[in-house]
$ cat start.pdb   # PDB, C-alpha atoms
ATOM      1  CA  MET Q  93       5.391  47.593 -45.030
ATOM      2  CA  ARG Q  94       3.145  44.530 -45.023
ATOM      3  CA  ASP Q  95       2.820  44.739 -41.200
ATOM      4  CA  LEU Q  96       1.887  48.409 -41.463
ATOM      5  CA  ARG Q  97      -0.864  47.600 -43.969
ATOM      6  CA  ARG Q  98      -2.128  44.729 -41.821
ATOM      7  CA  ASN Q  99      -2.229  46.893 -38.699
ATOM      8  CA  LEU Q 100      -3.984  49.667 -40.585
ATOM      9  CA  ALA Q 101      -6.572  47.218 -41.923
ATOM     10  CA  ALA Q 102      -7.153  45.883 -38.397
ATOM     11  CA  ALA Q 103      -7.612  49.402 -37.003
ATOM     12  CA  LEU Q 104     -10.059  50.312 -39.757
ATOM     13  CA  ALA Q 105     -12.058  47.137 -39.175
ATOM     14  CA  LEU Q 106     -12.314  47.901 -35.460
ATOM     15  CA  CYS Q 107     -13.510  51.415 -36.146
ATOM     16  CA  SER Q 108     -16.090  50.241 -38.637
ATOM     17  CA  GLY Q 109     -17.641  47.670 -36.269
ATOM     18  CA  VAL Q 110     -16.676  44.769 -38.531
ATOM     19  CA  ALA Q 111     -16.051  41.480 -36.705
ATOM     20  CA  MET Q 112     -12.429  40.363 -36.689
ATOM     21  CA  ALA Q 113     -11.071  36.901 -35.967
ATOM     22  CA  ASP Q 114      -7.732  36.233 -34.301
ATOM     23  CA  ASP Q 115      -5.997  34.022 -31.757
ATOM     24  CA  ILE Q 116      -3.885  34.396 -28.631
ATOM     25  CA  GLU Q 117      -1.976  32.032 -26.343
ATOM     26  CA  GLY Q 118      -1.347  32.444 -22.626
ATOM     27  CA  ARG Q 119      -2.211  31.448 -19.088
ATOM     28  CA  ILE Q 120      -5.730  31.801 -17.744
ATOM     29  CA  ASP Q 121      -5.490  34.583 -15.155
ATOM     30  CA  ALA Q 122      -9.102  34.602 -13.953
ATOM     31  CA  LEU Q 123     -12.395  32.773 -14.441
ATOM     32  CA  ASP Q 124     -15.981  33.936 -13.979
ATOM     33  CA  ALA Q 125     -18.241  30.884 -14.110
ATOM     34  CA  GLY Q 126     -21.393  32.977 -13.720
ATOM     35  CA  GLN Q 127     -20.562  35.027 -16.811
ATOM     36  CA  GLN Q 128     -18.857  32.127 -18.632
ATOM     37  CA  SER Q 129     -15.815  34.358 -19.172
ATOM     38  CA  PHE Q 130     -12.088  34.093 -18.557
ATOM     39  CA  MET Q 131      -9.005  36.303 -18.830
ATOM     40  CA  VAL Q 132      -5.818  35.630 -20.812
ATOM     41  CA  GLN Q 133      -3.107  38.302 -21.116
ATOM     42  CA  GLY Q 134      -5.451  40.845 -19.548
ATOM     43  CA  ILE Q 135      -8.186  40.275 -22.131
ATOM     44  CA  ARG Q 136     -11.610  39.037 -21.043
ATOM     45  CA  PHE Q 137     -13.008  36.355 -23.363
ATOM     46  CA  GLN Q 138     -16.658  35.389 -23.464
ATOM     47  CA  ALA Q 139     -17.461  31.695 -23.985
ATOM     48  CA  THR Q 140     -20.768  30.874 -25.652
ATOM     49  CA  GLU Q 141     -22.674  27.697 -26.381
ATOM     50  CA  SER Q 142     -20.906  27.744 -29.775
ATOM     51  CA  THR Q 143     -17.385  27.815 -28.287
ATOM     52  CA  ASP Q 144     -15.418  24.697 -29.277
ATOM     53  CA  PHE Q 145     -13.206  23.203 -26.529
ATOM     54  CA  ASP Q 146     -10.233  21.025 -27.609
ATOM     55  CA  GLY Q 147      -7.015  19.476 -26.350
ATOM     56  CA  GLY Q 148      -8.674  17.606 -23.498
ATOM     57  CA  LEU Q 149     -11.153  20.360 -22.633
ATOM     58  CA  ARG Q 150     -14.813  19.415 -22.988
ATOM     59  CA  ASN Q 151     -16.516  22.609 -21.828
ATOM     60  CA  PHE Q 152     -16.088  25.822 -19.823
ATOM     61  CA  ASP Q 153     -16.133  23.907 -16.523
ATOM     62  CA  ASP Q 154     -12.815  22.211 -17.481
ATOM     63  CA  LEU Q 155     -10.972  25.562 -17.469
ATOM     64  CA  ARG Q 156      -8.666  26.282 -14.519
ATOM     65  CA  THR Q 157      -6.673  29.330 -13.499
ATOM     66  CA  GLY Q 158      -3.039  28.844 -14.533
ATOM     67  CA  GLN Q 159      -3.754  26.595 -17.534
ATOM     68  CA  THR Q 160      -2.057  27.606 -20.771
ATOM     69  CA  VAL Q 161      -4.573  27.830 -23.606
ATOM     70  CA  GLU Q 162      -4.788  29.013 -27.175
ATOM     71  CA  VAL Q 163      -7.933  31.039 -27.749
ATOM     72  CA  ASP Q 164      -9.356  31.633 -31.207
ATOM     73  CA  PHE Q 165     -11.764  34.522 -31.021
ATOM     74  CA  LYS Q 166     -13.691  37.150 -32.882
ATOM     75  CA  PHE Q 167     -13.962  40.729 -31.738
ATOM     76  CA  THR Q 168     -17.485  41.906 -32.287
ATOM     77  CA  ASP Q 169     -19.747  44.431 -30.599
ATOM     78  CA  GLY Q 170     -16.915  45.418 -28.265
ATOM     79  CA  ARG Q 171     -16.412  41.881 -26.927
ATOM     80  CA  HIS Q 172     -13.807  39.147 -27.424
ATOM     81  CA  VAL Q 173     -15.936  36.072 -28.132
ATOM     82  CA  ALA Q 174     -14.055  32.763 -27.862
ATOM     83  CA  THR Q 175     -14.755  30.536 -30.857
ATOM     84  CA  GLU Q 176     -12.261  27.827 -29.799
ATOM     85  CA  VAL Q 177     -10.279  27.178 -26.618
ATOM     86  CA  GLU Q 178      -7.489  24.583 -26.784
ATOM     87  CA  LEU Q 179      -5.394  23.382 -23.857
ATOM     88  CA  GLU Q 180      -1.662  23.730 -24.601
ATOM     89  CA  ASP Q 181       1.093  21.509 -23.190
TER
END

$ encode --input "start.pdb" --output "structure tokens"
Amino acid sequence: MRDLRRNLAAALALCSGVAMADDIEGRIDALDAGQQSFMVQGIRFQATESTDFDGGLRNFDDLRTGQTVEVDFKFTDGRHVATEVELED
């Protein structure tokens, strides 16, 4: 029941345009240096000047296709904005 309530709350927040924060872990499938974006599990994440890079990563230029990362993000204005990207072992 708790999962149902959580999923319902998430759906309502998305419909209302409220920013949501979450995280995901996976391999980087694609990079777009020009747009400062990358894909993990089929989701395109936008890096910004506020994105924090950890676990040996200093900035967007340290990202490589195939790396396993944990991405903390917020979903706002129809975009997944990376707030933190951490390299996983």

$ resolve_selection --input "start.pdb" --expression "the PyMOL selection byres ((chain Q and resi 181) around 8)" --output "MDAnalysis selection string"
chainID Q and resid 160 179:180

$ write_last_selection --input "start.pdb" --atoms "C-alpha atoms" --output "compact mmCIF listing (two decimals), in the frame of the given file"
# COMPACT_ATOMS: atom_id res chain seq x y z
CA THR Q 160 -2.06 27.61 -20.77
CA LEU Q 179 -5.39 23.38 -23.86
CA GLU Q 180 -1.66 23.73 -24.60

$ atom_distance --input "start.pdb" --atom1 "atom CA of Gly126 of chain Q" --atom2 "atom CA of Glu141 of chain Q"
13.8 Å

$ atom_distance --input "start.pdb" --atom1 "atom CA of Gly148 of chain Q" --atom2 "atom CA of Gly134 of chain Q"
23.8 Å

$ residues_near_point --input "start.pdb" --point "(-20.2, 25.9, -28.7)" --cutoff "12 Å" --atoms "only C-alpha atoms" --output "PyMOL selection string"
chain Q and resi 128+138-146+150-152+173-177

$ resolve_selection --input "start.pdb" --expression "the PyMOL selection byres ((chain Q and resi 133) around 9)" --output "list of chain:residue names"
Q:Ile116, Q:Glu117, Q:Gly118, Q:Arg119, Q:Ile120, Q:Asp121, Q:Met131, Q:Val132, Q:Gly134, Q:Ile135, Q:Arg136

$ atom_distance --input "start.pdb" --atom1 "atom CA of Ser129 of chain Q" --atom2 "atom CA of Asp153 of chain Q"
10.8 Å

$ residues_near_point --input "start.pdb" --point "(-9.2, 28.0, -12.6)" --cutoff "10 Å" --atoms "all atoms listed in the file" --output "list in words"
Ile120, Asp121, Ala122, Leu123, Asp124, Ala125, Phe130, Asp153, Asp154, Leu155, Arg156, Thr157, Gly158 and Gln159 of chain Q

$ write_last_selection --input "start.pdb" --atoms "C-alpha atoms" --output "PDB file, in the coordinates of the input"
ATOM      1  CA  ILE Q 120      -5.730  31.801 -17.744  1.00  0.00           C
ATOM      2  CA  ASP Q 121      -5.490  34.583 -15.155  1.00  0.00           C
ATOM      3  CA  ALA Q 122      -9.102  34.602 -13.953  1.00  0.00           C
ATOM      4  CA  LEU Q 123     -12.395  32.773 -14.441  1.00  0.00           C
ATOM      5  CA  ASP Q 124     -15.981  33.936 -13.979  1.00  0.00           C
ATOM      6  CA  ALA Q 125     -18.241  30.884 -14.110  1.00  0.00           C
ATOM      7  CA  PHE Q 130     -12.088  34.093 -18.557  1.00  0.00           C
ATOM      8  CA  ASP Q 153     -16.133  23.907 -16.523  1.00  0.00           C
ATOM      9  CA  ASP Q 154     -12.815  22.211 -17.481  1.00  0.00           C
ATOM     10  CA  LEU Q 155     -10.972  25.562 -17.469  1.00  0.00           C
ATOM     11  CA  ARG Q 156      -8.666  26.282 -14.519  1.00  0.00           C
ATOM     12  CA  THR Q 157      -6.673  29.330 -13.499  1.00  0.00           C
ATOM     13  CA  GLY Q 158      -3.039  28.844 -14.533  1.00  0.00           C
ATOM     14  CA  GLN Q 159      -3.754  26.595 -17.534  1.00  0.00           C
TER      15      GLN Q 159
END

$ closest_residue --input "start.pdb" --among "Q:Gln127, Q:Gly147, Q:Asp115, Q:Phe165" --to "Glu178 of chain Q" --atoms "only C-alpha atoms"
Q:Gly147
